[in-house]
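J.: Got a structure for you, data15.txt, holding compact mmCIF, C-alpha atoms.
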# COMPACT_ATOMS: atom_id res chain seq x y z
CA MET M 1212 -6.85 20.33 12.72
CA PRO M 1213 -5.80 17.86 15.45
CA PRO M 1214 -2.10 16.96 15.49
CA ILE M 1215 -0.69 13.69 14.22
CA LEU M 1216 -0.49 11.33 17.21
CA ILE M 1217 2.43 8.93 17.39
CA THR M 1218 3.63 6.50 20.03
CA ASN M 1219 5.59 3.34 20.69
CA ALA M 1220 3.32 0.30 20.83
CA GLN M 1221 3.27 -3.49 20.84
CA TYR M 1222 0.58 -6.11 20.31
CA ASP M 1223 -0.13 -6.41 24.02
CA LYS M 1224 -2.72 -5.48 26.65
CA ALA M 1225 -1.79 -1.80 26.48
CA LEU M 1226 -2.63 -1.55 22.77
CA CYS M 1227 -6.39 -1.30 23.26
CA GLY M 1228 -6.01 1.67 25.61
CA GLN M 1229 -3.62 3.40 23.21
CA ILE M 1230 -6.05 3.03 20.30
CA TYR M 1231 -9.01 4.14 22.43
CA HIS M 1232 -7.05 7.27 23.37
CA MET M 1233 -6.23 8.06 19.75
CA LEU M 1234 -9.82 7.57 18.60
CA ASP M 1235 -11.19 9.61 21.52
CA THR M 1236 -8.82 12.43 20.60
CA LEU M 1237 -9.46 12.31 16.87
CA ALA M 1238 -13.05 11.17 16.39
CA LYS M 1239 -15.07 11.34 19.60
CA ASP M 1240 -17.17 14.21 18.25
CA ARG M 1241 -18.02 12.18 15.11
CA ILE M 1242 -19.56 9.11 16.73
CA PHE M 1243 -23.00 8.65 18.30
CA PRO M 1244 -25.32 5.80 19.36
CA GLY M 1245 -26.60 3.96 16.31
CA ALA M 1246 -23.94 5.42 14.01
CA ARG M 1247 -22.89 3.26 11.07
CA VAL M 1248 -19.14 2.85 11.44
CA LEU M 1249 -17.16 1.28 8.61
CA ILE M 1250 -13.70 0.01 9.49
CA LYS M 1251 -11.41 -0.34 6.48
CA PRO M 1252 -8.29 -2.41 7.33
CA ASN M 1253 -5.62 -3.56 4.88
CA LEU M 1254 -6.77 -7.06 3.88
CA LEU M 1255 -4.61 -7.52 0.81
CA LEU M 1256 -4.50 -11.32 0.71
CA PRO M 1257 -4.60 -14.39 2.99
CA ALA M 1258 -1.66 -14.04 5.39
CA ASP M 1259 -0.70 -14.85 8.95
CA PRO M 1260 -0.36 -11.85 11.35
CA THR M 1261 3.35 -12.64 11.78
CA GLN M 1262 3.99 -11.82 8.11
CA GLY M 1263 3.35 -8.10 8.55
CA ILE M 1264 1.17 -7.84 5.42
CA LEU M 1265 -2.26 -7.12 6.90
CA THR M 1266 -3.51 -4.72 9.53
CA HIS M 1267 -3.08 -6.72 12.73
CA PRO M 1268 -6.31 -8.27 14.08
CA LEU M 1269 -5.76 -6.72 17.51
CA VAL M 1270 -5.82 -3.26 15.90
CA VAL M 1271 -9.14 -4.10 14.25
CA GLN M 1272 -10.41 -5.51 17.55
CA ALA M 1273 -9.54 -2.32 19.43
CA ALA M 1274 -11.08 0.01 16.82
CA ALA M 1275 -14.27 -2.05 16.75
CA GLY M 1276 -14.39 -2.16 20.55
CA TRP M 1277 -14.11 1.62 20.75
CA ALA M 1278 -17.00 2.09 18.32
CA LEU M 1279 -19.16 -0.53 20.06
CA ARG M 1280 -18.56 1.19 23.38
CA HIS M 1281 -20.23 4.27 21.86
CA GLY M 1282 -23.24 2.25 20.73
CA ALA M 1283 -22.34 2.20 17.05
CA ARG M 1284 -23.08 -0.46 14.43
CA ILE M 1285 -19.86 -1.90 13.01
CA GLN M 1286 -19.00 -3.12 9.55
CA VAL M 1287 -15.48 -4.31 8.65
CA SER M 1288 -14.87 -4.35 4.91
CA ASP M 1289 -12.25 -4.45 2.19
CA SER M 1290 -11.81 -5.83 -1.32
CA PRO M 1291 -8.79 -8.17 -1.20
CA ALA M 1292 -6.50 -8.28 -4.21
CA ILE M 1293 -6.49 -12.07 -3.98
CA GLY M 1294 -8.32 -14.77 -2.09
CA PRO M 1295 -11.90 -15.00 -0.81
CA PHE M 1296 -12.73 -12.44 1.88
CA ASP M 1297 -13.57 -15.18 4.42
CA ARG M 1298 -10.22 -16.87 3.85
CA VAL M 1299 -8.39 -13.60 4.49
CA LEU M 1300 -10.35 -13.16 7.72
CA ASN M 1301 -9.69 -16.70 8.90
CA GLU M 1302 -5.98 -16.89 8.03
CA GLY M 1303 -5.42 -13.39 9.34
CA GLY M 1304 -6.94 -14.26 12.74
CA PHE M 1305 -9.63 -11.56 12.58
CA ARG M 1306 -12.63 -13.69 13.49
CA ASP M 1307 -10.77 -15.25 16.42
CA ALA M 1308 -9.55 -11.87 17.71
CA CYS M 1309 -13.05 -10.37 17.51
CA ARG M 1310 -15.02 -13.38 18.69
CA GLY M 1311 -18.19 -12.34 20.53
CA MET M 1312 -18.20 -8.82 19.08
CA ASP M 1313 -21.23 -7.65 17.08
CA ILE M 1314 -19.48 -7.02 13.77
CA ASP M 1315 -20.77 -7.27 10.23
CA TRP M 1316 -17.87 -8.73 8.21
CA ARG M 1317 -18.56 -7.93 4.58
CA ALA M 1318 -16.48 -7.78 1.41
CA PHE M 1319 -17.06 -4.71 -0.71
CA ALA M 1320 -19.38 -5.65 -3.56
CA ARG M 1321 -21.89 -2.89 -4.36
CA THR M 1322 -20.49 0.12 -6.19
CA THR M 1323 -21.62 3.61 -6.96
CA THR M 1324 -19.98 6.23 -9.15
CA VAL M 1325 -18.20 9.13 -7.51
CA ASP M 1326 -16.67 12.19 -9.13
CA ILE M 1327 -13.11 12.18 -7.80
CA GLY M 1328 -11.96 15.09 -9.96
CA PRO M 1329 -9.77 15.49 -13.03
CA PRO M 1330 -8.49 13.74 -15.01
CA PHE M 1331 -10.60 10.76 -13.91
CA GLY M 1332 -14.10 12.13 -13.43
CA ARG M 1333 -16.67 9.65 -12.16
CA ILE M 1334 -15.36 6.21 -11.15
CA ALA M 1335 -16.92 3.20 -9.41
CA LEU M 1336 -16.20 2.92 -5.68
CA ALA M 1337 -17.59 0.79 -2.84
CA ALA M 1338 -21.07 2.00 -1.98
CA ASP M 1339 -20.84 0.79 1.64
CA ILE M 1340 -18.14 3.28 2.52
CA LEU M 1341 -20.24 6.15 1.20
CA ASP M 1342 -23.24 5.01 3.27
CA ALA M 1343 -21.27 5.06 6.55
CA ASP M 1344 -21.56 7.81 9.15
CA LEU M 1345 -17.93 7.33 10.19
CA VAL M 1346 -15.04 5.69 8.32
CA ILE M 1347 -12.00 4.45 10.25
CA ASN M 1348 -9.08 3.78 7.90
CA LEU M 1349 -6.75 1.17 9.46
CA ALA M 1350 -3.62 1.29 7.32
CA LYS M 1351 -0.49 -0.85 7.47
CA LEU M 1352 3.09 0.44 7.32
CA LYS M 1353 4.50 -1.41 4.31
CA THR M 1354 6.83 -0.85 1.43
CA HIS M 1355 5.50 -0.90 -2.11
CA VAL M 1356 7.63 -1.63 -5.17
CA MET M 1357 5.69 0.87 -7.29
CA MET M 1358 4.88 3.64 -4.80
CA GLY M 1359 7.76 3.27 -2.34
CA LEU M 1360 5.45 3.02 0.68
CA THR M 1361 1.81 2.04 1.06
CA LEU M 1362 0.33 3.98 3.97
CA GLY M 1363 -2.95 5.72 4.78
CA VAL M 1364 -3.73 7.25 1.40
CA LYS M 1365 -3.12 4.08 -0.60
CA ASN M 1366 -5.10 1.93 1.81
CA MET M 1367 -8.26 3.55 0.46
CA PHE M 1368 -7.56 2.02 -2.96
CA GLY M 1369 -9.17 -1.08 -1.45
CA CYS M 1370 -12.50 0.72 -2.00
CA VAL M 1371 -12.06 0.03 -5.71
CA VAL M 1372 -13.90 -3.27 -5.97
CA GLY M 1373 -12.52 -6.49 -7.43
CA MET M 1374 -11.10 -6.49 -10.95
CA LYS M 1375 -11.61 -2.74 -11.28
CA LYS M 1376 -8.27 -2.46 -9.47
CA THR M 1377 -6.63 -4.38 -12.31
CA GLU M 1378 -8.26 -2.10 -14.88
CA TRP M 1379 -6.88 0.98 -13.15
CA HIS M 1380 -3.43 -0.56 -12.93
CA LEU M 1381 -3.58 -1.16 -16.66
CA GLN M 1382 -4.75 2.37 -17.43
CA ALA M 1383 -2.34 4.17 -15.12
CA GLY M 1384 0.39 1.62 -14.40
CA VAL M 1385 2.93 2.89 -16.92
CA ASP M 1386 2.53 6.45 -15.60
CA ARG M 1387 3.51 6.32 -11.93
CA ASP M 1388 2.52 9.94 -11.33
CA LEU M 1389 -0.91 9.38 -12.85
CA PHE M 1390 -1.48 6.34 -10.64
CA ALA M 1391 -0.36 8.29 -7.55
CA THR M 1392 -2.80 11.05 -8.52
CA LEU M 1393 -5.57 8.45 -8.77
CA LEU M 1394 -4.79 7.19 -5.26
CA VAL M 1395 -4.79 10.68 -3.78
CA ARG M 1396 -8.02 11.60 -5.57
CA ILE M 1397 -9.79 8.46 -4.29
CA CYS M 1398 -8.71 9.06 -0.70
CA ALA M 1399 -9.72 12.73 -0.83
CA ALA M 1400 -13.13 11.88 -2.28
CA LEU M 1401 -13.85 9.24 0.38
CA ALA M 1402 -12.39 11.37 3.20
CA PRO M 1403 -12.03 8.87 6.07
CA ALA M 1404 -12.76 10.55 9.39
CA VAL M 1405 -9.67 9.08 11.04
CA THR M 1406 -6.69 7.04 9.89
CA LEU M 1407 -4.67 4.83 12.21
CA MET M 1408 -1.32 3.42 11.11
CA ASP M 1409 -0.33 -0.05 12.28
CA GLY M 1410 3.46 0.10 12.13
CA ILE M 1411 4.06 -2.21 15.07
CA LEU M 1412 5.08 -5.07 12.80
CA ALA M 1413 5.88 -3.38 9.49
CA LEU M 1414 6.97 -4.73 6.12
CA GLU M 1415 10.19 -3.65 4.39
CA GLY M 1416 11.92 -4.69 1.17
CA ASP M 1417 9.82 -5.78 -1.82
CA GLY M 1418 6.38 -5.20 -0.28
CA PRO M 1419 3.43 -5.03 -0.06
CA GLY M 1420 2.94 -8.80 -0.34
CA LYS M 1421 4.80 -11.95 0.60
CA SER M 1422 8.03 -10.86 -1.10
CA GLY M 1423 8.43 -8.25 1.65
CA THR M 1424 10.22 -8.84 4.96
CA PRO M 1425 8.43 -8.29 8.29
CA ARG M 1426 10.25 -6.02 10.70
CA ARG M 1427 9.40 -5.13 14.30
CA VAL M 1428 9.14 -1.33 14.32
CA GLY M 1429 6.81 -0.64 17.26
CA LEU M 1430 5.07 2.38 15.78
CA LEU M 1431 1.42 3.38 16.12
CA ALA M 1432 0.18 6.66 14.66
CA GLY M 1433 -3.12 8.37 13.93
CA GLY M 1434 -4.56 11.48 12.38
CA THR M 1435 -7.58 12.98 10.65
CA ASP M 1436 -5.59 13.91 7.53
CA PRO M 1437 -4.14 10.80 5.83
CA VAL M 1438 -1.77 12.88 3.68
CA ALA M 1439 -0.27 14.54 6.76
CA LEU M 1440 -0.13 11.20 8.60
CA ASP M 1441 1.72 9.57 5.70
CA TYR M 1442 4.19 12.46 5.67
CA VAL M 1443 5.03 11.94 9.34
CA VAL M 1444 5.26 8.14 9.16
CA ALA M 1445 7.40 8.25 6.00
CA GLY M 1446 9.85 10.51 7.80
CA ARG M 1447 10.05 8.13 10.76
CA VAL M 1448 11.25 5.29 8.51
CA GLY M 1449 13.83 7.44 6.75
CA ALA M 1450 11.90 8.14 3.53
CA ALA M 1451 12.06 11.64 2.09
CA PRO M 1452 8.34 12.33 1.53
CA GLY M 1453 9.21 14.45 -1.50
CA ASP M 1454 10.59 11.33 -3.19
CA LEU M 1455 7.32 9.40 -2.80
CA PRO M 1456 4.91 9.63 -5.76
CA ILE M 1457 1.80 9.81 -3.55
CA HIS M 1458 3.17 12.73 -1.57
CA GLN M 1459 4.24 14.49 -4.74
CA ALA M 1460 0.72 14.09 -6.12
CA ALA M 1461 -0.82 15.44 -2.90
CA VAL M 1462 1.41 18.50 -3.12
CA ARG M 1463 0.49 19.10 -6.77
CA LEU M 1464 -3.20 18.91 -5.88
CA GLY M 1465 -2.83 21.33 -2.97
CA LEU M 1466 -3.74 18.69 -0.39
CA PHE M 1467 -0.56 18.98 1.68
CA LYS M 1468 -0.58 22.07 3.86
CA GLY M 1469 2.94 21.75 5.19
CA PRO M 1470 4.54 19.74 8.01
CA PRO M 1471 1.82 19.02 10.61
CA GLU M 1472 2.03 19.33 14.36
CA VAL M 1473 3.10 16.05 15.94
CA SER M 1474 2.17 14.91 19.43
CA GLY M 1475 3.88 11.97 21.10
CA THR M 1476 7.04 9.92 20.94
CA ALA M 1477 9.27 10.67 17.96
CA VAL M 1478 9.90 7.12 16.83
CA ALA M 1479 12.75 6.81 14.33
CA VAL M 1480 13.58 3.62 12.43
CA PRO M 1481 17.15 3.19 11.15
CA ASP M 1482 17.93 1.50 7.82
CA PHE M 1483 14.36 0.69 6.87
CA ARG M 1484 14.62 -0.95 3.43
CA ILE M 1485 12.50 0.95 0.92
CA PRO M 1486 12.56 -0.31 -2.68
CA ARG M 1487 14.21 1.92 -5.26
CA LEU M 1488 11.69 3.21 -7.77
CA GLY M 1489 12.48 3.22 -11.46
CA SER M 1490 10.71 4.86 -14.37
CA ALA M 1491 8.26 2.79 -16.39
CA GLY M 1492 8.89 4.81 -19.53
CA PHE M 1493 11.57 7.28 -20.55
CA GLY M 1494 13.75 8.40 -23.42
CA PRO M 1495 12.83 9.29 -27.01
CA LYS M 1496 9.55 7.63 -27.99
CA PRO M 1497 10.98 5.51 -30.86
CA PHE M 1498 13.46 3.94 -28.42
CA GLN M 1499 11.25 3.54 -25.34
CA LYS M 1500 10.44 -0.14 -25.94
CA LEU M 1501 14.14 -1.00 -26.34
CA MET M 1502 15.11 1.02 -23.26
CA ARG M 1503 12.32 -0.48 -21.17
CA ARG M 1504 13.42 -4.00 -22.07
CA HIS M 1505 17.14 -3.56 -21.39
CA LEU M 1506 17.42 -0.78 -18.78
CA LEU M 1507 14.34 -0.70 -16.56
CA ARG M 1508 13.86 -2.50 -13.27
CA ARG M 1509 11.40 -5.35 -13.73
CA PRO M 1510 9.69 -8.28 -11.95
CA VAL M 1511 11.56 -11.58 -11.86
CA ALA M 1512 10.79 -15.02 -10.46
CA ASN M 1513 12.80 -17.10 -8.03
CA GLU M 1514 12.34 -20.52 -9.65
CA THR M 1515 13.16 -22.27 -6.37
CA LEU M 1516 10.19 -20.61 -4.63
CA CYS M 1517 7.83 -20.38 -7.60
CA ARG M 1518 5.20 -23.13 -7.72
CA VAL M 1519 3.92 -22.08 -11.16
CA CYS M 1520 0.42 -21.64 -9.76
CA GLY M 1521 -0.35 -19.12 -12.51
CA LEU M 1522 -1.93 -16.58 -10.19
CA CYS M 1523 0.45 -13.81 -11.25
CA GLY M 1524 -0.52 -14.30 -14.89
CA ARG M 1525 -4.24 -14.24 -14.10
CA GLN M 1526 -3.85 -11.04 -12.09
CA CYS M 1527 -1.52 -9.25 -14.54
CA PRO M 1528 -3.47 -6.31 -16.01
CA ALA M 1529 -1.22 -6.21 -19.09
CA ARG M 1530 -1.36 -9.99 -19.71
CA ALA M 1531 2.44 -9.98 -19.74
CA ILE M 1532 2.96 -13.28 -17.88
CA THR M 1533 2.53 -16.75 -19.34
CA THR M 1534 3.44 -20.28 -18.28
CA GLU M 1535 5.82 -22.31 -20.41
CA LYS M 1536 7.45 -25.65 -19.58
CA GLU M 1537 6.60 -25.46 -15.87
CA ARG M 1538 7.95 -21.93 -15.36
CA ILE M 1539 6.53 -18.44 -15.72
CA VAL M 1540 7.72 -16.16 -18.53
CA PHE M 1541 7.54 -12.36 -18.58
CA ASP M 1542 6.95 -10.31 -21.73
CA TYR M 1543 8.86 -7.20 -20.68
CA ASP M 1544 7.66 -5.30 -23.75
CA GLN M 1545 4.10 -5.68 -22.47
CA CYS M 1546 4.92 -5.32 -18.76
CA ILE M 1547 3.74 -1.96 -17.39
CA ARG M 1548 5.78 -2.24 -14.15
CA CYS M 1549 2.75 -2.02 -11.89
CA TYR M 1550 4.16 -4.98 -9.90
CA CYS M 1551 0.73 -6.45 -9.20
CA CYS M 1552 2.37 -9.86 -9.69
CA ILE M 1553 4.73 -9.28 -6.77
CA GLU M 1554 1.86 -7.98 -4.67
CA VAL M 1555 -0.35 -11.04 -5.12
CA CYS M 1556 2.21 -13.88 -5.27
CA PRO M 1557 1.21 -16.24 -2.43
CA HIS M 1558 4.67 -17.82 -2.23
CA GLY M 1559 6.92 -14.72 -2.09
CA ALA M 1560 8.59 -15.94 -5.26
CA LEU M 1561 8.62 -12.64 -7.18
CA SER M 1562 10.82 -9.61 -6.67
CA THR M 1563 12.31 -6.77 -8.69
CA SER M 1564 15.67 -6.76 -10.46
CA ASP M 1565 17.64 -4.62 -12.88
CA PRO M 1566 18.59 -6.19 -16.22
CA LEU M 1567 22.32 -6.48 -16.89
CA ALA M 1568 22.47 -3.34 -19.07
CA GLY M 1569 20.60 -1.37 -16.43
CA ARG M 1570 23.03 -2.49 -13.71
CA MET M 1571 25.98 -1.50 -15.88
CA VAL M 1572 24.55 1.95 -16.57
CA ARG M 1573 23.91 2.53 -12.87
CA GLN M 1574 27.40 1.35 -11.96
CA LEU M 1575 28.90 3.70 -14.53
CA GLY M 1576 26.81 6.51 -13.13
CA THR M 1577 27.98 5.77 -9.61
CA TRP M 1578 31.58 5.52 -10.75
CA GLY M 1579 31.16 8.73 -12.72
CA ARG M 1580 30.15 10.71 -9.68
CA SER M 1581 33.15 9.54 -7.67
CA GLY M 1582 35.63 8.16 -10.22
CA TRP M 1583 35.89 11.30 -12.30
CA LYS M 1584 36.56 13.30 -9.16
CA ARG M 1585 39.42 10.95 -8.33
CA LEU M 1586 40.84 11.25 -11.86
CA ARG M 1587 40.76 15.02 -11.67
CA LYS M 1588 42.84 15.07 -8.52
CA PRO M 1589 46.48 16.04 -9.18
Could you take the file, read its structure, and then write that structure out as structure tokens?

T.:
Amino acid sequence: MPPILITNAQYDKALCGQIYHMLDTLAKDRIFPGARVLIKPNLLLPADPTQGILTHPLVVQAAAGWALRHGARIQVSDSPAIGPFDRVLNEGGFRDACRGMDIDWRAFARTTTVDIGPPFGRIALAADILDADLVINLAKLKTHVMMGLTLGVKNMFGCVVGMKKTEWHLQAGVDRDLFATLLVRICAALAPAVTLMDGILALEGDGPGKSGTPRRVGLLAGGTDPVALDYVVAGRVGAAPGDLPIHQAAVRLGLFKGPPEVSGTAVAVPDFRIPRLGSAGFGPKPFQKLMRRHLLRRPVANETLCRVCGLCGRQCPARAITTEKERIVFDYDQCIRCYCCIEVCPHGALSTSDPLAGRMVRQLGTWGRSGWKRLRKP
């Protein structure tokens, strides 16, 4: 297997050559004149390139240019969580960046069922990606309040079309490990030929949407194994891969073969802010609802930023958000902690917070680890 390629990069004239080199190294033997190449960027929602939410348009431009140079037919597709596909393309600067290039811009719409393995069996996925001769997965380096990081593996969740994403969040949202297993199974079943990671302008904090904070990282990476690529990139931003649910799921399923060979600059990012993950359900079953309400981290609204547009409530798979007296209200008994609301909020008004009792318990735990040691000292 080719090594994971990693380098310093910026959105400048050198970027095209760097991406061409990565694709030549990783996928030159997979492309041919007339090949149907599907490029799958991260097109989560309408956002400006400076916000660090979407795969940068210059990365898409370079990947498409490489494929066109080999005589391929290009389709760029995704299924945004929010917003019409054309609006995402226009606000994200993709049409402008790729002006004059023969590209078929198409939102995923047709589906076909694919057996992704237990415990899910056959599920509906975008038919276009299965019809392609070569799939280029263009992921974005972002944090994710449910999964810790959203990288190459999770980017393929965009091949679940439209509201089916919401249904899966509802079915698996309470069980973080089950949802991570779903993401790994989907990526393995679709098996993109190559994954490139746009970490030049990354997103830290309460990502992956507008509640996150863009940060200039200057990282570009690529590989043929998205699990291995995610492992390397996670390490570069200071995340212990073993603490990430997606990596844990890949290990359980036997899809991580150990630390891969790495070729290129060892980019390290200090103090990258990754959200702390909390359990969506714990404790004795009769008390779980009480503990979830008073102890678990949960979504909250900044009423100064919130415009009460109601989008979070419409997108909530658990129907746990309502509008009352010109403000949004959460039903934390119903909330499954999937954080779809934070992901889709167009105003960056939602974030995560611990309830008072949860903060007190964590403070006592922190004090207990250090305070009791101090008390024991003579």

J.: Might you pull out every residue within 6 Å of Thr1476 (chain M), with all atoms listed in the file counted and same-chain residues fewer than 2 positions away left off, and present them as a list in words?

T.: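 What passes the distance filter is Ile1217, Thr1218 and Val1478 of chain M.
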
J.: Excluding Gly1332 (chain M) and residues on its chain fewer than 4 positions from it, collect all residues at most 12 Å away from it, counting all atoms listed in the file, and give them as a list of chain:residue names.

T.: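 Once the adjacent positions are removed, what remains is M:Thr1324, M:Val1325, M:Asp1326, M:Ile1327, M:Gly1328, M:Leu1393, M:Arg1396, M:Ile1397, M:Ala1400.
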
J.: Would you list the contacts of region 1257-1269 of chain M as an MDAnalysis selection string, taking every protein, DNA or RNA residue within 6 Å and counting only C-alpha atoms, but skipping same-chain residues closer than 5 positions in sequence?

T.: chainID M and resid 1252 1299 1302:1303 1305 1351 1412:1414 1425

J.: Write a file of the selected residues as a PDB file, keeping the file's coordinate frame, keeping C-alpha atoms.

T.:
ATOM      1  CA  PRO M1252      -8.290  -2.410   7.330  1.00  0.00           C
ATOM      2  CA  VAL M1299      -8.390 -13.600   4.490  1.00  0.00           C
ATOM      3  CA  GLU M1302      -5.980 -16.890   8.030  1.00  0.00           C
ATOM      4  CA  GLY M1303      -5.420 -13.390   9.340  1.00  0.00           C
ATOM      5  CA  PHE M1305      -9.630 -11.560  12.580  1.00  0.00           C
ATOM      6  CA  LYS M1351      -0.490  -0.850   7.470  1.00  0.00           C
ATOM      7  CA  LEU M1412       5.080  -5.070  12.800  1.00  0.00           C
ATOM      8  CA  ALA M1413       5.880  -3.380   9.490  1.00  0.00           C
ATOM      9  CA  LEU M1414       6.970  -4.730   6.120  1.00  0.00           C
ATOM     10  CA  PRO M1425       8.430  -8.290   8.290  1.00  0.00           C
TER      11      PRO M1425
END

J.: Which centre and edge lengths in Å to one decimal define the box along x, y and z that fits every listed atom of region 1314-1317 of chain M plus 4 Å per side, as AutoDock Vina command-line options?

T.:
--center_x -19.3 --center_y -7.9 --center_z 9.2 --size_x 10.9 --size_y 9.7 --size_z 17.2

J.: To one decimal place in Å, what is the distance between CA of Met1357 (chain M) and CA of Arg1426 (chain M)?

T.: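 Interatomic distance, CA of Met1357 (chain M) to CA of Arg1426 (chain M): 19.8 Å.
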
J.: Write out as CSV a residue-level contact list of region 1392-1441 of chain M versus region 1546-1564 of chain M with cut-off 9 Å: for each qualifying residue the closest pair of atoms and the distance in Å to one decimal, counting all atoms listed in the file, rows sorted by chain and residue number upward.

T.:
residue,atom,partner,partner_atom,distance
M:Asp1417,CA,M:Ser1562,CA,6.3
M:Gly1418,CA,M:Glu1554,CA,6.9
M:Pro1419,CA,M:Glu1554,CA,5.7
M:Gly1420,CA,M:Glu1554,CA,4.5
M:Lys1421,CA,M:Gly1559,CA,4.4
M:Ser1422,CA,M:Gly1559,CA,4.1
M:Gly1423,CA,M:Gly1559,CA,7.6

J.: What does the distance between CA of Thr1435 (chain M) and CA of Ala1402 (chain M) come to in Å, to one decimal place?

T.: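 Spanning CA of Thr1435 (chain M) to CA of Ala1402 (chain M) is a straight-line distance of 9.0 Å.
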